[in-house]
file query-v9.csv (CSV, C-alpha atoms)
chain,number,residue,atom,x,y,z
V,1,MET,CA,20.7,16.2,13.6
V,2,SER,CA,18.9,19.1,12.0
V,3,VAL,CA,15.2,19.7,12.4
V,4,ALA,CA,14.5,18.5,8.9
V,5,GLU,CA,16.5,15.3,9.6
V,6,GLU,CA,14.5,14.6,12.8
V,7,TRP,CA,11.1,15.1,11.1
V,8,PHE,CA,12.0,13.4,7.8
V,9,PRO,CA,11.2,9.8,8.9
V,10,LEU,CA,7.8,10.8,10.3
V,11,VAL,CA,6.9,12.8,7.2
V,12,GLU,CA,8.0,9.8,5.1
V,13,SER,CA,5.9,7.4,7.2
V,14,VAL,CA,2.8,9.6,6.7
V,15,HIS,CA,3.7,9.7,3.0
V,16,VAL,CA,3.8,5.9,2.8
V,17,ILE,CA,0.5,5.5,4.7
V,18,ALA,CA,-1.3,8.0,2.5
V,19,MET,CA,0.2,6.4,-0.6
V,20,ALA,CA,-1.0,3.0,0.6
V,21,ILE,CA,-4.6,4.2,1.0
V,22,ALA,CA,-4.5,6.2,-2.3
V,23,ALA,CA,-2.9,3.5,-4.5
V,24,GLY,CA,-4.6,0.6,-2.7
V,25,THR,CA,-8.1,2.1,-3.2
V,26,ILE,CA,-7.2,3.1,-6.8
V,27,PHE,CA,-6.2,-0.6,-7.5
V,28,LEU,CA,-9.6,-1.7,-6.1
V,29,VAL,CA,-11.5,0.7,-8.3
V,30,ASP,CA,-9.3,-0.1,-11.3
V,31,THR,CA,-9.7,-3.9,-11.0
V,32,ARG,CA,-13.5,-3.4,-10.8
V,33,LEU,CA,-13.2,-1.2,-13.9
V,34,ILE,CA,-11.3,-4.0,-15.7
V,35,GLY,CA,-14.0,-6.4,-14.6
V,36,LEU,CA,-11.8,-8.6,-12.3
V,37,THR,CA,-13.1,-7.8,-8.8
V,38,SER,CA,-16.3,-6.7,-7.1
V,39,THR,CA,-18.2,-7.6,-10.3
V,40,ARG,CA,-21.5,-8.0,-8.3
V,41,LEU,CA,-21.3,-4.4,-7.3
V,42,PRO,CA,-22.1,-1.5,-9.7
V,43,PHE,CA,-18.9,0.3,-10.8
V,44,SER,CA,-20.4,3.7,-9.9
V,45,TYR,CA,-21.1,2.4,-6.3
V,46,VAL,CA,-17.5,1.1,-5.8
V,47,SER,CA,-16.0,4.3,-7.1
V,48,GLU,CA,-18.3,6.5,-5.1
V,49,ARG,CA,-17.5,4.7,-1.9
V,50,LEU,CA,-13.8,4.4,-2.4
V,51,LEU,CA,-12.7,7.5,-4.2
V,52,PRO,CA,-13.3,9.9,-1.3
V,53,TRP,CA,-10.6,7.9,0.6
V,54,THR,CA,-8.4,8.1,-2.5
V,55,TRP,CA,-8.7,11.9,-2.7
V,56,VAL,CA,-8.1,12.6,1.0
V,57,ALA,CA,-5.1,10.2,1.0
V,58,PHE,CA,-3.8,11.7,-2.2
V,59,GLY,CA,-4.0,15.2,-0.6
V,60,CYS,CA,-2.0,14.0,2.3
V,61,SER,CA,0.6,12.4,-0.1
V,62,VAL,CA,0.9,15.7,-1.9
V,63,LEU,CA,1.3,17.6,1.3
V,64,THR,CA,3.9,15.3,2.8
V,65,GLY,CA,5.6,15.0,-0.6
V,66,THR,CA,5.9,18.8,-0.8
V,67,LEU,CA,7.4,18.9,2.7
V,68,MET,CA,10.0,16.3,1.7
V,69,PHE,CA,10.7,18.3,-1.6
V,70,ILE,CA,11.1,21.6,0.3
V,71,ALA,CA,13.7,19.9,2.6
V,72,ASN,CA,16.0,19.2,-0.4
V,73,ALA,CA,14.5,21.0,-3.4
V,74,THR,CA,17.6,21.0,-5.6
V,75,GLY,CA,18.3,17.4,-4.8
V,76,TYR,CA,14.9,16.4,-6.0
V,77,TYR,CA,15.0,18.7,-9.0
V,78,ASP,CA,18.2,17.1,-10.3
V,79,ASN,CA,16.8,13.6,-9.6
V,80,ILE,CA,15.7,11.7,-12.7
V,81,PRO,CA,13.4,9.2,-11.0
V,82,PHE,CA,11.7,12.2,-9.3
V,83,ARG,CA,11.1,13.8,-12.7
V,84,VAL,CA,9.8,10.5,-14.2
V,85,LYS,CA,7.5,10.1,-11.2
V,86,MET,CA,6.0,13.6,-11.7
V,87,VAL,CA,5.4,12.9,-15.4
V,88,LEU,CA,3.7,9.6,-14.5
V,89,LEU,CA,1.5,11.3,-11.9
V,90,LEU,CA,0.5,13.9,-14.6
V,91,LEU,CA,-0.3,11.1,-17.1
V,92,ALA,CA,-2.4,9.2,-14.4
V,93,GLY,CA,-4.3,12.4,-13.8
V,94,LEU,CA,-4.9,12.9,-17.6
V,95,ASN,CA,-6.0,9.2,-17.9
V,96,MET,CA,-8.5,9.7,-15.1
V,97,LEU,CA,-9.8,13.0,-16.5
V,98,TYR,CA,-10.4,11.5,-19.9
V,99,PHE,CA,-12.2,8.5,-18.3
V,100,GLN,CA,-14.4,10.8,-16.2
V,101,LYS,CA,-15.2,13.2,-19.0
V,102,VAL,CA,-15.7,10.7,-21.8
V,103,THR,CA,-16.0,7.0,-20.9
V,104,PHE,CA,-17.8,7.5,-17.6
V,105,ARG,CA,-20.6,9.4,-19.3
V,106,SER,CA,-22.1,6.1,-20.6
V,107,VAL,CA,-21.7,4.4,-17.2
V,108,ALA,CA,-25.5,3.8,-16.9
V,109,VAL,CA,-25.2,1.3,-19.8
V,110,TRP,CA,-22.4,-0.8,-18.3
V,111,ASP,CA,-22.6,0.0,-14.6
V,112,ALA,CA,-23.8,-3.4,-13.4
V,113,GLY,CA,-22.5,-5.5,-16.3
V,114,PRO,CA,-19.1,-6.0,-18.0
V,115,PRO,CA,-17.3,-2.8,-18.6
V,116,PRO,CA,-16.5,-1.7,-22.2
V,117,SER,CA,-13.0,-2.1,-23.6
V,118,ARG,CA,-12.4,1.6,-23.2
V,119,ALA,CA,-13.1,1.4,-19.5
V,120,ARG,CA,-10.9,-1.7,-19.1
V,121,LEU,CA,-8.1,0.1,-20.9
V,122,ALA,CA,-8.4,3.1,-18.6
V,123,GLY,CA,-8.2,0.8,-15.6
V,124,LEU,CA,-5.1,-1.0,-17.0
V,125,ILE,CA,-3.3,2.2,-17.8
V,126,SER,CA,-4.1,3.5,-14.4
V,127,ILE,CA,-2.7,0.4,-12.6
V,128,GLY,CA,0.4,0.6,-14.8
V,129,LEU,CA,1.0,4.3,-14.2
V,130,TRP,CA,0.5,4.0,-10.4
V,131,CYS,CA,2.9,1.1,-10.2
V,132,GLY,CA,5.3,3.3,-12.1
V,133,VAL,CA,4.7,6.2,-9.6
V,134,ILE,CA,5.4,3.9,-6.7
V,135,GLY,CA,8.4,2.3,-8.4
V,136,PHE,CA,10.1,5.6,-9.3
V,137,GLY,CA,9.1,7.0,-6.0
V,138,ARG,CA,11.1,4.3,-4.2
V,139,TRP,CA,13.9,4.7,-6.6
V,140,ILE,CA,14.3,8.5,-5.7
V,141,GLY,CA,15.8,7.5,-2.4
V,142,PHE,CA,18.5,5.4,-3.9
V,143,VAL,CA,19.9,8.1,-6.1
V,144,ILE,CA,19.1,11.4,-4.4
V,145,GLY,CA,22.0,13.8,-3.9
V,146,LYS,CA,22.2,15.8,-0.6
I,1,MET,CA,25.1,-18.6,17.6
I,2,ASN,CA,24.2,-15.1,18.6
I,3,LEU,CA,22.2,-12.6,16.4
I,4,VAL,CA,25.3,-10.9,15.0
I,5,ALA,CA,26.9,-14.2,14.0
I,6,PHE,CA,23.7,-15.3,12.5
I,7,SER,CA,23.4,-12.0,10.6
I,8,ARG,CA,27.0,-12.4,9.2
I,9,TRP,CA,26.3,-16.0,8.2
I,10,LEU,CA,23.1,-15.0,6.4
I,11,GLU,CA,25.0,-12.3,4.6
I,12,SER,CA,27.5,-14.8,3.3
I,13,THR,CA,24.9,-17.2,1.9
I,14,PRO,CA,24.8,-17.5,-2.0
I,15,LEU,CA,21.3,-16.1,-2.2
I,16,SER,CA,22.3,-13.1,-0.2
I,17,GLN,CA,25.3,-12.6,-2.4
I,18,VAL,CA,23.2,-12.8,-5.6
I,19,ILE,CA,20.7,-10.1,-4.3
I,20,GLN,CA,23.5,-7.9,-3.0
I,21,THR,CA,25.4,-7.9,-6.3
I,22,THR,CA,22.4,-7.4,-8.5
I,23,SER,CA,22.0,-3.7,-8.7
I,24,TRP,CA,18.2,-3.6,-9.2
I,25,ALA,CA,17.3,-6.4,-6.9
I,26,ILE,CA,16.8,-4.6,-3.6
I,27,PRO,CA,14.9,-1.6,-5.0
I,28,GLY,CA,12.8,-4.1,-7.1
I,29,ILE,CA,12.0,-6.3,-4.2
I,30,GLN,CA,11.1,-3.2,-2.1
I,31,VAL,CA,8.7,-2.0,-4.8
I,32,VAL,CA,6.9,-5.3,-4.8
I,33,HIS,CA,6.8,-5.1,-1.0
I,34,ILE,CA,5.3,-1.6,-1.2
I,35,LEU,CA,2.7,-2.5,-3.9
I,36,CYS,CA,1.5,-5.5,-1.8
I,37,LEU,CA,1.4,-3.4,1.4
I,38,ALA,CA,-0.7,-0.8,-0.4
I,39,THR,CA,-3.2,-3.4,-1.6
I,40,LEU,CA,-3.3,-5.2,1.7
I,41,PHE,CA,-3.8,-1.9,3.6
I,42,ALA,CA,-6.7,-0.9,1.3
I,43,LEU,CA,-8.3,-4.3,1.7
I,44,ALA,CA,-7.9,-4.1,5.5
I,45,LEU,CA,-9.5,-0.6,5.5
I,46,ASN,CA,-12.5,-1.9,3.6
I,47,LEU,CA,-12.9,-5.0,5.8
I,48,SER,CA,-12.7,-2.7,8.9
I,49,LEU,CA,-15.2,-0.2,7.4
I,50,ARG,CA,-17.6,-3.0,6.5
I,51,VAL,CA,-17.5,-4.5,10.0
I,52,ALA,CA,-18.2,-1.0,11.3
I,53,GLY,CA,-21.2,-0.9,9.0
I,54,ARG,CA,-19.6,1.5,6.5
I,55,GLY,CA,-17.7,1.3,3.2
I,56,LEU,CA,-19.1,-1.1,0.6
I,57,ALA,CA,-22.2,-1.6,2.7
I,58,ILE,CA,-24.6,-2.9,0.0
I,59,GLU,CA,-22.6,-6.1,-0.2
I,60,SER,CA,-23.2,-8.5,2.7
I,61,SER,CA,-20.3,-8.5,5.2
I,62,ARG,CA,-20.1,-12.3,4.7
I,63,SER,CA,-19.5,-12.0,0.9
I,64,LEU,CA,-17.0,-9.1,1.3
I,65,ALA,CA,-15.0,-11.0,3.9
I,66,GLY,CA,-15.1,-14.1,1.6
I,67,ARG,CA,-13.5,-12.0,-1.1
I,68,PHE,CA,-11.2,-9.7,0.9
I,69,VAL,CA,-9.7,-12.0,3.6
I,70,PRO,CA,-8.2,-14.5,1.1
I,71,ALA,CA,-6.9,-11.6,-1.0
I,72,MET,CA,-5.2,-10.2,2.1
I,73,GLY,CA,-3.7,-13.6,2.7
I,74,VAL,CA,-2.2,-13.6,-0.8
I,75,CYS,CA,-0.8,-10.1,-0.2
I,76,LEU,CA,0.6,-11.2,3.1
I,77,ILE,CA,2.4,-14.1,1.6
I,78,ALA,CA,4.0,-11.9,-1.0
I,79,LEU,CA,5.0,-9.5,1.7
I,80,LEU,CA,6.5,-12.2,3.8
I,81,VAL,CA,8.5,-13.6,0.8
I,82,SER,CA,9.7,-10.1,-0.4
I,83,GLY,CA,10.4,-9.1,3.3
I,84,SER,CA,12.4,-12.3,3.8
I,85,LEU,CA,14.4,-11.7,0.7
I,86,LEU,CA,15.2,-8.2,1.9
I,87,ILE,CA,16.3,-9.6,5.3
I,88,ILE,CA,18.5,-12.2,3.6
I,89,ALA,CA,20.0,-9.5,1.3
I,90,GLU,CA,20.8,-7.1,4.2
I,91,PRO,CA,20.5,-8.9,7.5
I,92,SER,CA,22.4,-6.3,9.4
I,93,ARG,CA,19.5,-3.8,8.8
I,94,THR,CA,17.0,-6.0,10.6
I,95,ILE,CA,18.3,-8.9,12.6
I,96,THR,CA,19.9,-6.7,15.2
I,97,ASN,CA,17.3,-3.9,14.9
I,98,GLN,CA,14.8,-3.4,17.7
I,99,VAL,CA,12.3,-1.7,15.4
I,100,PHE,CA,12.2,-4.8,13.2
I,101,TYR,CA,11.0,-6.9,16.2
I,102,ILE,CA,8.4,-4.3,17.1
I,103,LYS,CA,7.2,-4.5,13.5
I,104,MET,CA,7.0,-8.3,13.7
I,105,ALA,CA,5.1,-8.2,17.1
I,106,LEU,CA,2.6,-5.7,15.6
I,107,LEU,CA,2.2,-8.0,12.6
I,108,VAL,CA,1.1,-10.9,14.8
I,109,VAL,CA,-1.4,-8.6,16.5
I,110,ALA,CA,-2.7,-7.3,13.1
I,111,ILE,CA,-3.1,-10.9,11.8
I,112,VAL,CA,-5.1,-11.9,14.9
I,113,LEU,CA,-7.3,-8.8,14.7
I,114,THR,CA,-7.9,-9.2,11.0
I,115,LEU,CA,-8.8,-12.9,11.3
I,116,TRP,CA,-11.2,-11.9,14.1
I,117,LEU,CA,-12.8,-9.2,12.0
I,118,GLY,CA,-13.1,-11.7,9.2
I,119,LYS,CA,-14.9,-14.1,11.5
I,120,VAL,CA,-17.3,-11.3,12.7
I,121,ALA,CA,-18.0,-10.3,9.1
I,122,ARG,CA,-18.8,-13.9,8.2
I,123,SER,CA,-21.3,-14.1,11.1
I,124,GLU,CA,-23.2,-11.2,9.5
I,125,PRO,CA,-24.2,-9.3,12.6
I,126,GLU,CA,-27.4,-7.2,12.1
I,127,LYS,CA,-25.7,-4.1,13.6
I,128,PRO,CA,-22.1,-3.5,14.4
I,129,THR,CA,-21.5,-3.6,18.2
I,130,ARG,CA,-19.2,-1.1,19.9
I,131,LEU,CA,-16.6,-3.9,20.2
I,132,HIS,CA,-16.7,-4.5,16.5
I,133,VAL,CA,-16.1,-0.8,15.7
I,134,ALA,CA,-13.4,-0.6,18.3
I,135,VAL,CA,-11.5,-3.6,17.0
I,136,ALA,CA,-11.9,-2.4,13.4
I,137,VAL,CA,-10.3,0.9,14.4
I,138,LEU,CA,-7.6,-0.8,16.4
I,139,CYS,CA,-6.8,-3.1,13.5
I,140,MET,CA,-6.2,-0.2,11.2
I,141,LEU,CA,-4.1,1.5,13.8
I,142,VAL,CA,-1.9,-1.6,14.1
I,143,TRP,CA,-1.5,-2.0,10.3
I,144,THR,CA,-0.6,1.7,10.3
I,145,GLY,CA,2.0,1.1,13.1
I,146,ILE,CA,3.5,-1.7,11.0
I,147,ILE,CA,4.1,0.7,8.1
I,148,VAL,CA,5.6,3.3,10.4
I,149,ALA,CA,7.8,0.7,12.0
I,150,GLY,CA,8.8,-0.5,8.5
I,151,ARG,CA,9.9,3.0,7.6
I,152,TYR,CA,11.8,3.5,10.9
I,153,ILE,CA,13.8,0.3,10.4
I,154,ALA,CA,16.0,2.3,8.0
I,155,TYR,CA,16.7,4.9,10.7
I,156,TYR,CA,17.6,2.5,13.6
I,157,ILE,CA,20.2,0.4,12.0
I,158,THR,CA,22.8,-0.6,14.7
call {"tool": "encode", "arguments": {"input": "query-v9.csv", "output": "structure tokens"}}
result
Amino acid sequence: MSVAEEWFPLVESVHVIAMAIAAGTIFLVDTRLIGLTSTRLPFSYVSERLLPWTWVAFGCSVLTGTLMFIANATGYYDNIPFRVKMVLLLLAGLNMLYFQKVTFRSVAVWDAGPPPSRARLAGLISIGLWCGVIGFGRWIGFVIGK
Amino acid sequence: MNLVAFSRWLESTPLSQVIQTTSWAIPGIQVVHILCLATLFALALNLSLRVAGRGLAIESSRSLAGRFVPAMGVCLIALLVSGSLLIIAEPSRTITNQVFYIKMALLVVAIVLTLWLGKVARSEPEKPTRLHVAVAVLCMLVWTGIIVAGRYIAYYIT
């Protein structure tokens, strides 16, 4: 077994744990944004308390993901699910950026009450994109070339 | 019937055959399993944080447990169903795999610790005790161990 093969399961495990914290907290914030959960808590409070966990976990995901990529760069580059996953990640980032820069500016108006349809849409898109990121992420392993 | 024979029998059942011969079934079930584990893990994290006096602390711990513990139960049921389907589809990966039994033992511990944390949260202690914080940390470590064991199952197939 090469060094990379020995370390791969461990790196993968950390990747899954980091993904679980990142995606799980994103789902909690998104469902609040849609108005389904935590409705008695202000949106800004929920996001302020959960998103630091999301960011740290996302950082760990990127780090461990990069390590996995380095171990087999050409394999990943040629892998269609990997490419789709990266595009979906980019779209999730753009959705979040638009939400933060545009929709979130009026948060004071809807923080404690029902979120506007724009905010709900951002939450729905985010959940959809992250499910896609996870789905295509799992799919990578089924079709990757060595 | 020993475990190997049981595993072979399971593999030959019609349900196993259907899952095995449907190309998208195993990856699809795995994705459902992963989405549920991510949600359950984030809920566990927030329950543990709340019991330790952190996280979504403006909500009473009683109210938070009332929302999160049942949601974790729903995730757990979905995990057990999707996990069972994965075992039925490929019993040789798990039935004779030691790591799988470590994962199941850890799962029992995680469920007990989570139920205890839920009980503590519902009693709304004024301040978290050292024991509360210790169990909250331990609970997250055990859930983490379950995820790690789950990933290592793939590397210890006999």
call {"tool": "closest_residue", "arguments": {"input": "query-v9.csv", "among": "V:Thr39, V:Ser2, V:Ser13, V:Asn95", "to": "chain I", "atoms": "only C-alpha atoms"}}
result
V:Ser13
call {"tool": "closest_atom_pairs", "arguments": {"input": "query-v9.csv", "of": "chain I", "to": "chain V", "cutoff": "9 Å", "atoms": "all atoms listed in the file", "output": "CSV"}}
result
residue,atom,partner,partner_atom,distance
I:Pro27,CA,V:Trp139,CA,6.6
I:Gly28,CA,V:Gly135,CA,7.9
I:Gln30,CA,V:Arg138,CA,7.8
I:Val31,CA,V:Gly135,CA,5.6
I:Val32,CA,V:Gly135,CA,8.5
I:Ile34,CA,V:Ile134,CA,7.8
I:Leu35,CA,V:Cys131,CA,7.3
I:Cys36,CA,V:Gly24,CA,8.7
I:Leu37,CA,V:Ala20,CA,6.9
I:Ala38,CA,V:Ala20,CA,3.9
I:Thr39,CA,V:Gly24,CA,4.4
I:Leu40,CA,V:Gly24,CA,7.4
I:Phe41,CA,V:Ala20,CA,6.4
I:Ala42,CA,V:Gly24,CA,4.8
I:Leu43,CA,V:Gly24,CA,7.6
I:Leu45,CA,V:Ile21,CA,8.2
I:Asn46,CA,V:Leu50,CA,8.8
I:Gly55,CA,V:Arg49,CA,6.1
I:Leu56,CA,V:Arg49,CA,6.5
I:Ile58,CA,V:Leu41,CA,8.2
I:Glu59,CA,V:Leu41,CA,7.4
I:Leu64,CA,V:Ser38,CA,8.8
I:Arg67,CA,V:Ser38,CA,8.5
I:Thr144,CA,V:Ile17,CA,6.9
I:Ile147,CA,V:Ile17,CA,6.9
I:Val148,CA,V:Ser13,CA,5.2
I:Ala149,CA,V:Ser13,CA,8.5
I:Gly150,CA,V:Ser13,CA,8.5
I:Arg151,CA,V:Ser13,CA,6.0
I:Tyr152,CA,V:Pro9,CA,6.6
I:Ala154,CA,V:Pro9,CA,8.9
I:Tyr155,CA,V:Pro9,CA,7.6
call {"tool": "write_last_selection", "arguments": {"input": "query-v9.csv", "atoms": "C-alpha atoms", "output": "JSON list (two decimals), in the coordinates of the input"}}
result
[["chain", "number", "residue", "atom", "x", "y", "z"],
["I", 27, "PRO", "CA", 14.90, -1.60, -5.00],
["I", 28, "GLY", "CA", 12.80, -4.10, -7.10],
["I", 30, "GLN", "CA", 11.10, -3.20, -2.10],
["I", 31, "VAL", "CA", 8.70, -2.00, -4.80],
["I", 32, "VAL", "CA", 6.90, -5.30, -4.80],
["I", 34, "ILE", "CA", 5.30, -1.60, -1.20],
["I", 35, "LEU", "CA", 2.70, -2.50, -3.90],
["I", 36, "CYS", "CA", 1.50, -5.50, -1.80],
["I", 37, "LEU", "CA", 1.40, -3.40, 1.40],
["I", 38, "ALA", "CA", -0.70, -0.80, -0.40],
["I", 39, "THR", "CA", -3.20, -3.40, -1.60],
["I", 40, "LEU", "CA", -3.30, -5.20, 1.70],
["I", 41, "PHE", "CA", -3.80, -1.90, 3.60],
["I", 42, "ALA", "CA", -6.70, -0.90, 1.30],
["I", 43, "LEU", "CA", -8.30, -4.30, 1.70],
["I", 45, "LEU", "CA", -9.50, -0.60, 5.50],
["I", 46, "ASN", "CA", -12.50, -1.90, 3.60],
["I", 55, "GLY", "CA", -17.70, 1.30, 3.20],
["I", 56, "LEU", "CA", -19.10, -1.10, 0.60],
["I", 58, "ILE", "CA", -24.60, -2.90, 0.00],
["I", 59, "GLU", "CA", -22.60, -6.10, -0.20],
["I", 64, "LEU", "CA", -17.00, -9.10, 1.30],
["I", 67, "ARG", "CA", -13.50, -12.00, -1.10],
["I", 144, "THR", "CA", -0.60, 1.70, 10.30],
["I", 147, "ILE", "CA", 4.10, 0.70, 8.10],
["I", 148, "VAL", "CA", 5.60, 3.30, 10.40],
["I", 149, "ALA", "CA", 7.80, 0.70, 12.00],
["I", 150, "GLY", "CA", 8.80, -0.50, 8.50],
["I", 151, "ARG", "CA", 9.90, 3.00, 7.60],
["I", 152, "TYR", "CA", 11.80, 3.50, 10.90],
["I", 154, "ALA", "CA", 16.00, 2.30, 8.00],
["I", 155, "TYR", "CA", 16.70, 4.90, 10.70]]
call {"tool": "atom_distance", "arguments": {"input": "query-v9.csv", "atom1": "CA of Val143 in chain V", "atom2": "CA of Ala25 in chain I"}}
result
14.8 Å
call {"tool": "atom_distance", "arguments": {"input": "query-v9.csv", "atom1": "CA of Cys60 in chain V", "atom2": "CA of Met86 in chain V"}}
result
16.1 Å
call {"tool": "atom_distance", "arguments": {"input": "query-v9.csv", "atom1": "CA of Trp24 in chain I", "atom2": "CA of Ile87 in chain I"}}
result
15.8 Å
call {"tool": "closest_residue", "arguments": {"input": "query-v9.csv", "among": "I:Val99, I:Leu107, I:Val112, I:Ala44", "to": "Pro70 in chain I", "atoms": "all atoms listed in the file"}}
result
I:Ala44
call {"tool": "residues_around", "arguments": {"input": "query-v9.csv", "residues": "range 120-133 of chain I", "least_positions_apart": "5", "cutoff": "8 Å", "atoms": "all atoms listed in the file", "output": "VMD selection string"}}
result
chain I and resid 48 50 to 53 60 to 66
call {"tool": "write_last_selection", "arguments": {"input": "query-v9.csv", "atoms": "C-alpha atoms", "output": "PDB file, in the frame of the given file"}}
result
ATOM      1  CA  SER I  48     -12.700  -2.700   8.900  1.00  0.00           C
ATOM      2  CA  ARG I  50     -17.600  -3.000   6.500  1.00  0.00           C
ATOM      3  CA  VAL I  51     -17.500  -4.500  10.000  1.00  0.00           C
ATOM      4  CA  ALA I  52     -18.200  -1.000  11.300  1.00  0.00           C
ATOM      5  CA  GLY I  53     -21.200  -0.900   9.000  1.00  0.00           C
ATOM      6  CA  SER I  60     -23.200  -8.500   2.700  1.00  0.00           C
ATOM      7  CA  SER I  61     -20.300  -8.500   5.200  1.00  0.00           C
ATOM      8  CA  ARG I  62     -20.100 -12.300   4.700  1.00  0.00           C
ATOM      9  CA  SER I  63     -19.500 -12.000   0.900  1.00  0.00           C
ATOM     10  CA  LEU I  64     -17.000  -9.100   1.300  1.00  0.00           C
ATOM     11  CA  ALA I  65     -15.000 -11.000   3.900  1.00  0.00           C
ATOM     12  CA  GLY I  66     -15.100 -14.100   1.600  1.00  0.00           C
TER      13      GLY I  66
END
call {"tool": "residues_near_point", "arguments": {"input": "query-v9.csv", "point": "(-9.3, -7.6, 2.2)", "cutoff": "6 Å", "atoms": "only C-alpha atoms", "output": "ChimeraX atom specification"}}
result
/I:43-44,47,68-69,71-72
